[in-house]
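Quick look at query.pdb (PDB, C-alpha atoms):
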```
ATOM      1  CA  MET A  11       0.000   0.000   0.000  1.00  0.00           C
ATOM      2  CA  ILE A  12       1.426   3.382  -1.060  1.00  0.00           C
ATOM      3  CA  THR A  13      -0.031   6.599   0.311  1.00  0.00           C
ATOM      4  CA  GLN A  14       0.694   9.991  -1.257  1.00  0.00           C
ATOM      5  CA  ILE A  15       1.212  12.710   1.342  1.00  0.00           C
ATOM      6  CA  ASN A  16       3.018  16.038   1.757  1.00  0.00           C
ATOM      7  CA  THR A  17       5.762  16.992   4.180  1.00  0.00           C
ATOM      8  CA  GLU A  18       3.399  18.457   6.781  1.00  0.00           C
ATOM      9  CA  GLN A  19       1.270  15.315   6.801  1.00  0.00           C
ATOM     10  CA  LEU A  20       4.361  13.133   7.330  1.00  0.00           C
ATOM     11  CA  LYS A  21       5.389  15.423  10.160  1.00  0.00           C
ATOM     12  CA  ASP A  22       2.014  14.899  11.863  1.00  0.00           C
ATOM     13  CA  ILE A  23       2.224  11.123  11.401  1.00  0.00           C
ATOM     14  CA  LEU A  24       5.689  10.965  12.923  1.00  0.00           C
ATOM     15  CA  PHE A  25       4.816  13.312  15.761  1.00  0.00           C
ATOM     16  CA  ASP A  26       2.055  10.879  16.760  1.00  0.00           C
ATOM     17  CA  THR A  27       4.457   7.907  16.614  1.00  0.00           C
ATOM     18  CA  ARG A  28       5.478   6.981  20.149  1.00  0.00           C
ATOM     19  CA  GLY A  29       7.925   4.461  21.487  1.00  0.00           C
ATOM     20  CA  SER A  30      10.874   2.878  19.745  1.00  0.00           C
ATOM     21  CA  THR A  31       9.857   2.340  16.115  1.00  0.00           C
ATOM     22  CA  PHE A  32      11.683   1.036  13.069  1.00  0.00           C
ATOM     23  CA  CYS A  33      11.302   2.681   9.675  1.00  0.00           C
ATOM     24  CA  GLY A  34      12.785   2.669   6.185  1.00  0.00           C
ATOM     25  CA  PHE A  35      13.119   5.873   4.204  1.00  0.00           C
ATOM     26  CA  VAL A  36      14.538   7.578   1.131  1.00  0.00           C
ATOM     27  CA  ALA A  37      16.434  10.826   1.685  1.00  0.00           C
ATOM     28  CA  VAL A  38      17.409  13.324  -1.005  1.00  0.00           C
ATOM     29  CA  MET A  39      20.226  15.457   0.369  1.00  0.00           C
ATOM     30  CA  PRO A  40      21.985  18.479  -1.209  1.00  0.00           C
ATOM     31  CA  GLN A  41      25.727  18.062  -0.761  1.00  0.00           C
ATOM     32  CA  ASP A  42      26.329  21.608   0.458  1.00  0.00           C
ATOM     33  CA  ARG A  43      29.015  20.410   2.888  1.00  0.00           C
ATOM     34  CA  MET A  44      31.267  19.314   0.025  1.00  0.00           C
ATOM     35  CA  ASN A  45      34.744  20.784  -0.081  1.00  0.00           C
ATOM     36  CA  LYS A  46      35.340  23.583  -2.581  1.00  0.00           C
ATOM     37  CA  THR A  47      38.512  21.818  -3.764  1.00  0.00           C
ATOM     38  CA  SER A  48      39.677  18.224  -4.168  1.00  0.00           C
ATOM     39  CA  ARG A  49      41.355  16.635  -1.142  1.00  0.00           C
ATOM     40  CA  THR A  50      43.717  14.738  -3.471  1.00  0.00           C
ATOM     41  CA  THR A  51      44.559  17.153  -6.317  1.00  0.00           C
ATOM     42  CA  GLY A  52      43.690  20.565  -4.883  1.00  0.00           C
ATOM     43  CA  LEU A  53      41.677  21.393  -8.026  1.00  0.00           C
ATOM     44  CA  LEU A  54      38.363  23.228  -7.812  1.00  0.00           C
ATOM     45  CA  ASN A  55      35.256  21.134  -7.163  1.00  0.00           C
ATOM     46  CA  PRO A  56      33.245  21.153 -10.445  1.00  0.00           C
ATOM     47  CA  PHE A  57      29.968  20.589  -8.576  1.00  0.00           C
ATOM     48  CA  TRP A  58      30.108  24.046  -6.990  1.00  0.00           C
ATOM     49  CA  GLU A  59      28.572  26.846  -9.033  1.00  0.00           C
ATOM     50  CA  GLY A  60      29.115  30.084  -7.164  1.00  0.00           C
ATOM     51  CA  ARG A  61      27.557  29.585  -3.735  1.00  0.00           C
ATOM     52  CA  ARG A  62      25.413  26.678  -4.876  1.00  0.00           C
ATOM     53  CA  CYS A  63      26.356  23.019  -4.781  1.00  0.00           C
ATOM     54  CA  CYS A  64      24.747  21.244  -7.738  1.00  0.00           C
ATOM     55  CA  LEU A  65      25.128  17.686  -6.441  1.00  0.00           C
ATOM     56  CA  VAL A  66      22.421  15.826  -4.528  1.00  0.00           C
ATOM     57  CA  LYS A  67      22.732  12.462  -2.813  1.00  0.00           C
ATOM     58  CA  ILE A  68      19.954   9.885  -2.779  1.00  0.00           C
ATOM     59  CA  SER A  69      20.170   7.316   0.014  1.00  0.00           C
ATOM     60  CA  ARG A  70      17.917   4.462   1.038  1.00  0.00           C
ATOM     61  CA  LEU A  71      18.164   3.875   4.776  1.00  0.00           C
ATOM     62  CA  SER A  72      16.547   2.192   7.729  1.00  0.00           C
ATOM     63  CA  GLY A  73      16.764   2.863  11.428  1.00  0.00           C
ATOM     64  CA  GLN A  74      15.144   3.409  14.789  1.00  0.00           C
ATOM     65  CA  LEU A  75      13.001   6.388  15.734  1.00  0.00           C
ATOM     66  CA  ASN A  76      12.195   7.738  19.222  1.00  0.00           C
ATOM     67  CA  ALA A  77      15.276   6.158  20.763  1.00  0.00           C
ATOM     68  CA  ARG A  78      17.336   7.996  23.369  1.00  0.00           C
ATOM     69  CA  TYR A  79      20.867   8.340  22.034  1.00  0.00           C
ATOM     70  CA  ASP A  80      22.530   8.877  25.425  1.00  0.00           C
ATOM     71  CA  LYS A  81      20.830   5.819  26.916  1.00  0.00           C
ATOM     72  CA  ALA A  82      21.832   3.667  23.942  1.00  0.00           C
ATOM     73  CA  VAL A  83      25.491   4.689  24.292  1.00  0.00           C
ATOM     74  CA  GLU A  84      25.516   4.281  28.077  1.00  0.00           C
ATOM     75  CA  LYS A  85      24.072   0.773  27.769  1.00  0.00           C
ATOM     76  CA  LYS A  86      26.804  -0.292  25.363  1.00  0.00           C
ATOM     77  CA  VAL A  87      29.560   1.337  27.421  1.00  0.00           C
ATOM     78  CA  ALA A  88      28.341  -0.471  30.542  1.00  0.00           C
ATOM     79  CA  LYS A  89      28.369  -3.768  28.671  1.00  0.00           C
ATOM     80  CA  GLU A  90      31.924  -3.209  27.410  1.00  0.00           C
ATOM     81  CA  ILE A  91      33.133  -2.280  30.903  1.00  0.00           C
ATOM     82  CA  THR A  92      31.544  -5.390  32.406  1.00  0.00           C
ATOM     83  CA  GLU A  93      33.032  -7.664  29.726  1.00  0.00           C
ATOM     84  CA  GLU A  94      36.479  -6.138  30.197  1.00  0.00           C
ATOM     85  CA  ARG A  95      36.335  -6.683  33.963  1.00  0.00           C
ATOM     86  CA  HIS A  96      35.194 -10.281  33.549  1.00  0.00           C
ATOM     87  CA  LEU A  97      38.099 -10.986  31.194  1.00  0.00           C
ATOM     88  CA  ALA A  98      40.473  -9.465  33.755  1.00  0.00           C
ATOM     89  CA  GLY A  99      38.935 -11.526  36.580  1.00  0.00           C
ATOM     90  CA  LEU A 100      37.606  -8.440  38.357  1.00  0.00           C
ATOM     91  CA  PRO A 101      34.246  -8.203  40.196  1.00  0.00           C
ATOM     92  CA  ASP A 102      31.288  -6.284  38.818  1.00  0.00           C
ATOM     93  CA  LEU A 103      31.019  -2.599  39.665  1.00  0.00           C
ATOM     94  CA  SER A 104      28.264  -1.287  41.901  1.00  0.00           C
ATOM     95  CA  GLU A 105      25.591   0.893  40.284  1.00  0.00           C
ATOM     96  CA  GLU A 106      27.280   4.072  41.558  1.00  0.00           C
ATOM     97  CA  GLU A 107      30.718   2.911  40.388  1.00  0.00           C
ATOM     98  CA  MET A 108      29.333   2.018  36.970  1.00  0.00           C
ATOM     99  CA  ILE A 109      27.850   5.502  36.548  1.00  0.00           C
ATOM    100  CA  VAL A 110      31.258   7.037  37.303  1.00  0.00           C
ATOM    101  CA  ALA A 111      33.010   4.639  34.906  1.00  0.00           C
ATOM    102  CA  ILE A 112      30.520   5.386  32.110  1.00  0.00           C
ATOM    103  CA  ASN A 113      30.926   9.141  32.526  1.00  0.00           C
ATOM    104  CA  GLU A 114      34.696   8.772  32.325  1.00  0.00           C
ATOM    105  CA  ARG A 115      34.403   7.139  28.900  1.00  0.00           C
ATOM    106  CA  PHE A 116      31.324   8.767  27.346  1.00  0.00           C
ATOM    107  CA  ILE A 117      32.205  12.449  26.918  1.00  0.00           C
ATOM    108  CA  LYS A 118      29.030  14.462  26.293  1.00  0.00           C
ATOM    109  CA  GLY A 119      29.668  17.744  24.504  1.00  0.00           C
ATOM    110  CA  GLU A 120      27.670  20.557  22.984  1.00  0.00           C
ATOM    111  CA  ASN A 121      25.641  19.780  19.869  1.00  0.00           C
ATOM    112  CA  TRP A 122      24.306  21.859  16.997  1.00  0.00           C
ATOM    113  CA  GLN A 123      20.855  20.282  17.358  1.00  0.00           C
ATOM    114  CA  GLN A 124      18.429  19.503  20.159  1.00  0.00           C
ATOM    115  CA  THR A 125      15.739  16.856  20.458  1.00  0.00           C
ATOM    116  CA  VAL A 126      12.165  18.077  20.063  1.00  0.00           C
ATOM    117  CA  ILE A 127      10.207  17.159  23.207  1.00  0.00           C
ATOM    118  CA  ARG A 128       6.431  16.872  23.523  1.00  0.00           C
ATOM    119  CA  GLU A 129       4.527  18.789  26.213  1.00  0.00           C
ATOM    120  CA  ASP A 130       4.236  15.573  28.235  1.00  0.00           C
ATOM    121  CA  GLY A 131       8.037  15.235  28.306  1.00  0.00           C
ATOM    122  CA  THR A 132       8.341  12.355  25.828  1.00  0.00           C
ATOM    123  CA  ILE A 133      10.757  12.531  22.904  1.00  0.00           C
ATOM    124  CA  THR A 134       9.720  12.850  19.263  1.00  0.00           C
ATOM    125  CA  PRO A 135      11.563  11.549  16.173  1.00  0.00           C
ATOM    126  CA  PHE A 136      12.664  15.117  15.477  1.00  0.00           C
ATOM    127  CA  ALA A 137      15.594  17.396  16.233  1.00  0.00           C
ATOM    128  CA  GLU A 138      15.786  21.123  15.695  1.00  0.00           C
ATOM    129  CA  HIS A 139      18.819  23.145  14.650  1.00  0.00           C
ATOM    130  CA  LYS A 140      19.645  25.419  17.574  1.00  0.00           C
ATOM    131  CA  GLN A 141      20.343  28.432  15.358  1.00  0.00           C
ATOM    132  CA  THR A 142      18.253  28.042  12.207  1.00  0.00           C
ATOM    133  CA  HIS A 143      15.431  26.026  13.884  1.00  0.00           C
ATOM    134  CA  GLU A 144      15.252  23.801  10.797  1.00  0.00           C
ATOM    135  CA  LEU A 145      13.631  20.431  11.462  1.00  0.00           C
ATOM    136  CA  TYR A 146      15.576  17.157  11.196  1.00  0.00           C
ATOM    137  CA  LEU A 147      14.665  13.468  11.467  1.00  0.00           C
ATOM    138  CA  ARG A 148      16.578  11.737  14.288  1.00  0.00           C
ATOM    139  CA  VAL A 149      17.639   8.189  13.431  1.00  0.00           C
ATOM    140  CA  ILE A 150      19.613   5.788  15.634  1.00  0.00           C
ATOM    141  CA  ASN A 151      21.252   2.542  14.501  1.00  0.00           C
ATOM    142  CA  GLN A 152      20.696   3.575  10.915  1.00  0.00           C
ATOM    143  CA  LYS A 153      21.672   1.239   8.102  1.00  0.00           C
ATOM    144  CA  VAL A 154      22.329   2.186   4.492  1.00  0.00           C
ATOM    145  CA  ILE A 155      20.463  -0.174   2.177  1.00  0.00           C
ATOM    146  CA  GLY A 156      22.133  -0.587  -1.179  1.00  0.00           C
ATOM    147  CA  THR A 157      24.508   2.009  -2.584  1.00  0.00           C
ATOM    148  CA  PRO A 158      23.872   5.768  -2.366  1.00  0.00           C
ATOM    149  CA  ILE A 159      23.913   7.624  -5.672  1.00  0.00           C
ATOM    150  CA  TYR A 160      24.792  11.195  -6.552  1.00  0.00           C
ATOM    151  CA  ILE A 161      23.057  13.338  -9.187  1.00  0.00           C
ATOM    152  CA  ASP A 162      24.348  16.525 -10.830  1.00  0.00           C
ATOM    153  CA  ILE A 163      21.136  18.553 -11.086  1.00  0.00           C
ATOM    154  CA  ARG A 164      22.494  20.585 -14.024  1.00  0.00           C
ATOM    155  CA  THR A 165      23.096  17.596 -16.289  1.00  0.00           C
ATOM    156  CA  ASN A 166      21.055  14.750 -14.707  1.00  0.00           C
ATOM    157  CA  ARG A 167      24.278  12.730 -14.719  1.00  0.00           C
ATOM    158  CA  GLN A 168      24.595  10.031 -12.076  1.00  0.00           C
ATOM    159  CA  TYR A 169      27.811   9.441 -10.087  1.00  0.00           C
ATOM    160  CA  THR A 170      29.010   6.828  -7.623  1.00  0.00           C
ATOM    161  CA  LYS A 171      30.539   7.712  -4.264  1.00  0.00           C
ATOM    162  CA  ASP A 172      33.973   6.687  -5.518  1.00  0.00           C
ATOM    163  CA  GLU A 173      33.709   9.253  -8.317  1.00  0.00           C
ATOM    164  CA  VAL A 174      32.978  12.153  -5.945  1.00  0.00           C
ATOM    165  CA  GLN A 175      34.901  10.912  -2.879  1.00  0.00           C
ATOM    166  CA  GLN A 176      37.767  13.393  -3.329  1.00  0.00           C
ATOM    167  CA  TYR A 177      35.371  16.305  -2.777  1.00  0.00           C
ATOM    168  CA  LEU A 178      33.518  14.894   0.242  1.00  0.00           C
ATOM    169  CA  PRO A 179      34.470  15.891   3.794  1.00  0.00           C
ATOM    170  CA  VAL A 180      36.298  13.294   5.857  1.00  0.00           C
ATOM    171  CA  GLU A 181      33.875  11.197   7.900  1.00  0.00           C
ATOM    172  CA  ARG A 182      34.510  11.225  11.634  1.00  0.00           C
ATOM    173  CA  ASP A 183      34.051   8.418  14.135  1.00  0.00           C
ATOM    174  CA  ASN A 184      32.032   8.978  17.297  1.00  0.00           C
ATOM    175  CA  THR A 185      35.167   8.761  19.449  1.00  0.00           C
ATOM    176  CA  ASN A 186      33.479  10.630  22.311  1.00  0.00           C
ATOM    177  CA  GLN A 187      31.283   7.570  22.967  1.00  0.00           C
ATOM    178  CA  GLY A 188      34.178   5.690  24.532  1.00  0.00           C
ATOM    179  CA  LEU A 189      33.248   2.581  22.551  1.00  0.00           C
ATOM    180  CA  SER A 190      35.286   0.382  20.255  1.00  0.00           C
ATOM    181  CA  PRO A 191      34.770   1.434  16.575  1.00  0.00           C
ATOM    182  CA  GLU A 192      32.806  -1.676  15.653  1.00  0.00           C
ATOM    183  CA  ASN A 193      30.445  -1.179  18.595  1.00  0.00           C
ATOM    184  CA  GLN A 194      29.629   2.521  18.243  1.00  0.00           C
ATOM    185  CA  VAL A 195      26.015   3.736  18.255  1.00  0.00           C
ATOM    186  CA  LEU A 196      25.199   5.125  14.820  1.00  0.00           C
ATOM    187  CA  TYR A 197      23.256   8.354  15.085  1.00  0.00           C
ATOM    188  CA  ASN A 198      22.369  10.834  12.358  1.00  0.00           C
ATOM    189  CA  CYS A 199      19.989  13.690  11.704  1.00  0.00           C
ATOM    190  CA  TYR A 200      18.522  14.142   8.216  1.00  0.00           C
ATOM    191  CA  LYS A 201      16.933  17.353   6.971  1.00  0.00           C
ATOM    192  CA  PHE A 202      13.245  16.606   7.181  1.00  0.00           C
ATOM    193  CA  ARG A 203      12.399  18.441   3.966  1.00  0.00           C
ATOM    194  CA  GLY A 204      14.616  15.932   2.135  1.00  0.00           C
ATOM    195  CA  ILE A 205      12.663  12.834   3.254  1.00  0.00           C
ATOM    196  CA  ARG A 206      10.921  11.708   0.079  1.00  0.00           C
ATOM    197  CA  ALA A 207       9.540   8.301   1.026  1.00  0.00           C
ATOM    198  CA  MET A 208       9.068   6.286   4.199  1.00  0.00           C
ATOM    199  CA  ARG A 209       7.847   2.880   5.253  1.00  0.00           C
ATOM    200  CA  LEU A 210       6.353   3.005   8.714  1.00  0.00           C
ATOM    201  CA  ASN A 211       4.081   0.460  10.408  1.00  0.00           C
ATOM    202  CA  LYS A 212       3.726  -1.476   7.111  1.00  0.00           C
ATOM    203  CA  ILE A 213       2.534   1.604   5.214  1.00  0.00           C
ATOM    204  CA  VAL A 214       4.681   3.150   2.478  1.00  0.00           C
ATOM    205  CA  TYR A 215       4.379   6.911   2.182  1.00  0.00           C
ATOM    206  CA  ARG A 216       5.561   8.826  -0.839  1.00  0.00           C
ATOM    207  CA  VAL A 217       6.154  12.446   0.050  1.00  0.00           C
ATOM    208  CA  ARG A 218       5.491  15.129  -2.536  1.00  0.00           C
ATOM    209  CA  PRO A 219       8.651  17.093  -3.378  1.00  0.00           C
ATOM    210  CA  HIS A 220       9.743  19.992  -1.244  1.00  0.00           C
ATOM    211  CA  MET A 221      13.181  20.656  -2.698  1.00  0.00           C
ATOM    212  CA  GLU A 222      13.735  23.111  -5.543  1.00  0.00           C
ATOM    213  CA  ALA A 223      16.817  21.196  -6.661  1.00  0.00           C
ATOM    214  CA  GLU A 224      15.009  18.076  -7.847  1.00  0.00           C
ATOM    215  CA  VAL A 225      14.885  17.218 -11.531  1.00  0.00           C
ATOM    216  CA  GLU A 226      13.405  14.495 -13.706  1.00  0.00           C
ATOM    217  CA  GLU A 227      16.282  12.056 -13.151  1.00  0.00           C
ATOM    218  CA  VAL A 228      15.875  12.328  -9.386  1.00  0.00           C
ATOM    219  CA  PHE A 229      12.176  11.473  -9.671  1.00  0.00           C
ATOM    220  CA  ARG A 230      12.933   8.477 -11.914  1.00  0.00           C
ATOM    221  CA  ILE A 231      15.510   7.016  -9.535  1.00  0.00           C
ATOM    222  CA  LEU A 232      13.328   7.699  -6.521  1.00  0.00           C
ATOM    223  CA  ASN A 233      10.359   5.912  -8.091  1.00  0.00           C
ATOM    224  CA  ASN A 234      12.520   2.897  -8.901  1.00  0.00           C
ATOM    225  CA  ARG A 235      13.734   2.675  -5.304  1.00  0.00           C
ATOM    226  CA  LEU A 236      10.421   3.254  -3.552  1.00  0.00           C
ATOM    227  CA  SER A 237       9.284  -0.352  -3.865  1.00  0.00           C
ATOM    228  CA  GLU A 238      12.596  -1.575  -2.418  1.00  0.00           C
ATOM    229  CA  ILE A 239      12.392   0.197   0.946  1.00  0.00           C
ATOM    230  CA  GLU A 240      12.660  -2.277   3.790  1.00  0.00           C
ATOM    231  CA  ILE A 241      12.337  -2.056   7.536  1.00  0.00           C
ATOM    232  CA  PRO A 242      15.000  -4.135   9.304  1.00  0.00           C
ATOM    233  CA  GLN A 243      13.744  -6.937  11.504  1.00  0.00           C
ATOM    234  CA  GLU A 244      16.227  -6.160  14.273  1.00  0.00           C
ATOM    235  CA  VAL A 245      18.719  -3.479  15.318  1.00  0.00           C
TER
END
```
Encoded form using structure tokens:
Amino acid sequence: MITQINTEQLKDILFDTRGSTFCGFVAVMPQDRMNKTSRTTGLLNPFWEGRRCCLVKISRLSGQLNARYDKAVEKKVAKEITEERHLAGLPDLSEEEMIVAINERFIKGENWQQTVIREDGTITPFAEHKQTHELYLRVINQKVIGTPIYIDIRTNRQYTKDEVQQYLPVERDNTNQGLSPENQVLYNCYKFRGIRAMRLNKIVYRVRPHMEAEVEEVFRILNNRLSEIEIPQEV
């Protein structure tokens, strides 16, 4: 079942979604964080035209909504600490000692976004930019399904990540979590206006376009991918 909705309607649906919930979605994202020059050659990035980046990324993802990021990290840190102590033949920590040990590893800093909270104190799937107040979709334990593609909106030409890698910013690990790299909690915020399709509670929503940058090729690729969106069975 596919339901056609607009961005505001999807916002209302998600705002009413409570408790940890899995979803699959398609995100169309302008690559306005691309470097102005190549990291390997130093040459100018051909996808920048004045102050406008002409490349968009289309990703098909899945993940968990309404999850508390801090709690997810703390749970994993506690598990790693306990396993390390067992391997070393040491006794378990008391609850108070574990809290201290977690705080020593998990360094919480300032963030550019803040979680949107309902009046009753429960969390929503949204985050808000602290300065611009733009709305984002909060996703934990996200998984990229398939291979992301990149589209030059001037020419409709499609690129792979390898072809544009030299212009992309270096990806950073969540080293502040205090977790081993393979055990880190994946957490990302996606501009809500770029969410173009979502599968939630067995219903597939196609969201009418909100982005000025979209062109015919983007629509074609999006339509081809819509039927492939999957919700993972487990985190």
Kindly resolve the PyMOL selection byres ((chain A and resi 157) around 9) on the present coordinates and return the residues as a count of residues only.
-> 9
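The result of the PyMOL selection byres ((chain A and resi 43-53) around 8) on the shown file is Gln41, Asp42, Leu54, Asn55, Trp58, Cys63, Gln176, Tyr177, Leu178 and Pro179 of chain A.
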Emit the selected residues as an mmCIF file, in the coordinates of the input, including C-alpha atoms.
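Written out: out_37.cif:
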```cif
data_model
loop_
_atom_site.group_PDB
_atom_site.id
_atom_site.type_symbol
_atom_site.label_atom_id
_atom_site.label_comp_id
_atom_site.auth_asym_id
_atom_site.auth_seq_id
_atom_site.Cartn_x
_atom_site.Cartn_y
_atom_site.Cartn_z
ATOM 1 C CA GLN A 41 25.727 18.062 -0.761
ATOM 2 C CA ASP A 42 26.329 21.608 0.458
ATOM 3 C CA LEU A 54 38.363 23.228 -7.812
ATOM 4 C CA ASN A 55 35.256 21.134 -7.163
ATOM 5 C CA TRP A 58 30.108 24.046 -6.990
ATOM 6 C CA CYS A 63 26.356 23.019 -4.781
ATOM 7 C CA GLN A 176 37.767 13.393 -3.329
ATOM 8 C CA TYR A 177 35.371 16.305 -2.777
ATOM 9 C CA LEU A 178 33.518 14.894 0.242
ATOM 10 C CA PRO A 179 34.470 15.891 3.794
#
```
Mind listing as an NGL selection string all residues within 10 Å of (6.2, 4.9, 6.7), counting only C-alpha atoms?
-> :A and (12-13 or 20 or 23-24 or 32-35 or 207-216 or 239 or 241)
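Proximity of A:Leu196, A:Leu65, A:Val126, A:Leu103 to Gln168 in chain A, computed with all atoms listed in the file, is greatest for A:Leu65.
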With only C-alpha atoms counted, which protein, DNA or RNA residues have an atom no more than 9 Å from (19.6, 12.0, 20.9) in the file frame? Please answer as a PyMOL selection string.
-> chain A and resi 76-81+124-125+137+148-150+197
Could you write those residues out with C-alpha atoms, as a PDB file, in the frame of the given file?
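Printed below is result_28.pdb as written:
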```pdb
ATOM      1  CA  ASN A  76      12.195   7.738  19.222  1.00  0.00           C
ATOM      2  CA  ALA A  77      15.276   6.158  20.763  1.00  0.00           C
ATOM      3  CA  ARG A  78      17.336   7.996  23.369  1.00  0.00           C
ATOM      4  CA  TYR A  79      20.867   8.340  22.034  1.00  0.00           C
ATOM      5  CA  ASP A  80      22.530   8.877  25.425  1.00  0.00           C
ATOM      6  CA  LYS A  81      20.830   5.819  26.916  1.00  0.00           C
ATOM      7  CA  GLN A 124      18.429  19.503  20.159  1.00  0.00           C
ATOM      8  CA  THR A 125      15.739  16.856  20.458  1.00  0.00           C
ATOM      9  CA  ALA A 137      15.594  17.396  16.233  1.00  0.00           C
ATOM     10  CA  ARG A 148      16.578  11.737  14.288  1.00  0.00           C
ATOM     11  CA  VAL A 149      17.639   8.189  13.431  1.00  0.00           C
ATOM     12  CA  ILE A 150      19.613   5.788  15.634  1.00  0.00           C
ATOM     13  CA  TYR A 197      23.256   8.354  15.085  1.00  0.00           C
TER      14      TYR A 197
END
```
